[in-house]
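Enquirer: Questions regarding the structure given below will be posed in turn.
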Amino acid sequence: MAEGLRLPTHIPTLDGWRALAIVAVICFHGRFAFFPHPSIVRSISEYGYLGVDAFFAISGLLICTLLIREYDASQSINLKAFYVRRFFRIVPPYVAALAGIGLLAWLGFIHLQSWEIPSCLLFLRNYEPTVAPPGGPYDSYGFYTVHFWSLSLEEHFYLVWAPLLALLKPRRAFKAALILAATVVLWRFVDGHYQIMHKLIPSAEMGTRTDSRLDALLWGCVAALLFCRVRRLFRHRLWSWAWIPLSLYLVVLEKYHLPLFRLQLALLFPCLLMSTILFPRNALGRVLELPWVRWIGTLSYSIYLWQQLFLQPPRGAGSLEHASGFYRLQQLPFNILCILVCATLSHYLLERPMMQLGRRLNSPAPAGAGVVVAAPARPASHRIRLGFSMRSQGSQIPSNASADVSVTVAGDQRK
């Protein structure tokens, strides 16, 4: 493949989008702690949950791009290497955060239900209740782990999409992604009408289940598979302003909850991402590429893991948080400080070393080692058509370099 057409591991503005998404999620989760009295700012923060949709779009686009890049470079996708990288990227910081939450509960500072930690470790939190009865939507029971539903969904996405892409190869994966995403959309409509899953799993909510939200990541995969084609079609500088009408439509969509609301959200965020990836020097792209914004983006996964612990809405004097004194750390400015300290320590002391370990374990091995799904050699024209061409933006990394990326939601969800 030509040097200028290699897929870069650094895609411009994505770190900035992660920062924007995690700030939105924090504003949503902490809106009662940050803004105890009704105000315009608190009303705006109600829409911070959209940060999760942004995280899903980022993950779908980025993971698919990296897998396509690996296929372009070697005509194969090493599933074992992919899952090893994902494990060391995600699980150690995640387990550390769960251990911290569990320790605080064991010491009597906060309350956890008995099912919370096991469901998180099994990545089934998105099929458990977001809150436990009889509490309201902001009861402490379930609050401290509720945001891990988005991480569970992303793990399910990895299990489905990576083998599917390896099996079908990028040329046929586009149709598969479309069919699978359309199936999820249709199922969401049918299930919403007949309440099938509610009868089978009453505790699971449609907004968090994998079977009803997987398309949020799959449309990002579609964007990755179409990227070069879109780049050729929308190369004119006039399209560098596309993020403005897209953002305005997002406001209208959210305000009036237009028909096919979830589907439109899932389609809109990949379009927003590509509006700055294609034109990183537009006004929004320059903001997203500011060094301090990108730094927040690099911390986004660790912020996602720890933020919920310090964003508990204010509770009465009889609550466990008040009795233990932990509520003081859930008030401004201490909650923001605690989130940043925990996230920074997690990122630099655990997240990055584990990523490096995952790369070392995936160092080049003799031919035939690992789980490799190989494909016959393709003509160069096919590889170029699927390539991710960004000659002047981002950093070019050798084709055999390991790619470790932030994938939360998060969440966080990526809440």
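Going through the structure tokens in order, the chains are called A, B, and so on, while each chain numbers its residues from 1 and the ligands are numbered from 1 in the order shown.
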Do a neighbour search on region 342-351 of chain A at 8 Å with only C-alpha atoms, toss out local chain neighbours closer than 6 positions, and write the hits as a ChimeraX atom specification.
Expert: /A:89-90,92-93,299,302-303,305-306
Enquirer: Write the selection just made, keeping N, CA and C atoms, as a JSON list (two decimals), in the first residue's frame?
Expert:
```
[["chain", "number", "residue", "atom", "x", "y", "z"],
["A", 89, "ARG", "N", -6.07, -3.17, 28.17],
["A", 89, "ARG", "CA", -6.49, -1.77, 28.08],
["A", 89, "ARG", "C", -7.64, -1.47, 29.02],
["A", 90, "ILE", "N", -8.55, -2.42, 29.19],
["A", 90, "ILE", "CA", -9.81, -2.15, 29.86],
["A", 90, "ILE", "C", -9.89, -2.77, 31.25],
["A", 92, "PRO", "N", -7.75, -4.20, 33.79],
["A", 92, "PRO", "CA", -7.05, -3.84, 35.04],
["A", 92, "PRO", "C", -7.54, -2.54, 35.68],
["A", 93, "PRO", "N", -7.67, -1.41, 34.95],
["A", 93, "PRO", "CA", -8.21, -0.21, 35.60],
["A", 93, "PRO", "C", -9.64, -0.39, 36.08],
["A", 299, "LEU", "N", -7.47, 10.98, 29.46],
["A", 299, "LEU", "CA", -7.88, 10.53, 30.80],
["A", 299, "LEU", "C", -9.32, 10.04, 30.84],
["A", 302, "SER", "N", -10.32, 6.61, 32.52],
["A", 302, "SER", "CA", -10.16, 6.60, 33.98],
["A", 302, "SER", "C", -11.15, 7.54, 34.66],
["A", 303, "ILE", "N", -11.42, 8.68, 34.04],
["A", 303, "ILE", "CA", -12.44, 9.58, 34.59],
["A", 303, "ILE", "C", -13.79, 8.87, 34.63],
["A", 305, "LEU", "N", -14.37, 5.71, 34.88],
["A", 305, "LEU", "CA", -14.41, 4.67, 35.90],
["A", 305, "LEU", "C", -14.68, 5.23, 37.29],
["A", 306, "TRP", "N", -14.11, 6.40, 37.60],
["A", 306, "TRP", "CA", -14.14, 6.90, 38.97],
["A", 306, "TRP", "C", -15.17, 7.99, 39.23]]
```
Enquirer: Enumerate as number ranges by chain all residues of region 27-114 of chain A assigned to helix (DSSP H, G or I) by DSSP on the backbone, naming them with the chain letters and numbers the document uses.
Expert: A: 27-29, 31-34, 40-74, 79-106
Enquirer: Skip region 14-25 of chain A itself and residues of its chain fewer than 5 positions away, then list as a ChimeraX atom specification all residues within 8 Å of it, counting only C-alpha atoms.
Expert: /A:45,47-52,54-55,58,273,277,287-290,293-298,300,303-304,409,411-415
Enquirer: Take CA of Gln308 (chain A) and CA of Pro333 (chain A) and report the distance between them in Å, one decimal.
Expert: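 Value for the CA of Gln308 (chain A)-CA of Pro333 (chain A) distance: 15.0 Å.
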Enquirer: Determine, for each residue of region 110-165 of chain A having at least one atom at most 10 Å from an atom of region 215-219 of chain A, the closest pair of atoms and their separation in Å to one decimal, counting only C-alpha atoms; order by chain and ascending number, as CSV.
Expert:
```
residue,atom,partner,partner_atom,distance
A:Leu153,CA,A:Leu217,CA,9.4
A:Glu154,CA,A:Leu217,CA,8.1
A:Phe157,CA,A:Leu217,CA,7.5
A:Trp161,CA,A:Leu218,CA,8.4
```
Enquirer: Find, counting only C-alpha atoms, the residue in A:Phe82, A:Leu238, A:Met197, A:Tyr158 that gets nearest to Tyr127 (chain A).
Expert: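 Ranked by minimum distance to Tyr127 (chain A), first place goes to A:Met197.
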Enquirer: Taking only C-alpha atoms into account, which of A:Leu320, A:Leu168, A:Ala57, A:Leu226 comes nearest Leu112 (chain A)?
Expert: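 Comparing A:Leu320, A:Leu168, A:Ala57, A:Leu226 against Leu112 (chain A), the winner is A:Leu320.
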Enquirer: Restricting the calculation to only C-alpha atoms, which member of A:Leu104, A:Ala182, A:Ala166, A:Leu246 is positioned closest to Ile77 (chain A)?
Expert: A:Ala166
Enquirer: Could you state the separation of CA of Met354 (chain A) and CA of Ala73 (chain A) in Å, given to one decimal place?
Expert: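 About the pair CA of Met354 (chain A) and CA of Ala73 (chain A): they are 25.1 Å apart.
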Enquirer: Measuring atom to atom with only C-alpha atoms, identify which of A:Asn362, A:Gln331, A:His111, A:Gly100 is nearest to Asn78 (chain A).
Expert: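 Looking only at the distances to Asn78 (chain A), the closest residue turns out to be A:Asn362.
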Enquirer: For Arg125 (chain A), list every protein, DNA or RNA residue within 10 Å, evaluated using only C-alpha atoms, and leave out those in the same chain fewer than 3 positions away; present the list as a PyMOL selection string.
Expert: chain A and resi 115-122+128-130+145-153+204+208-209
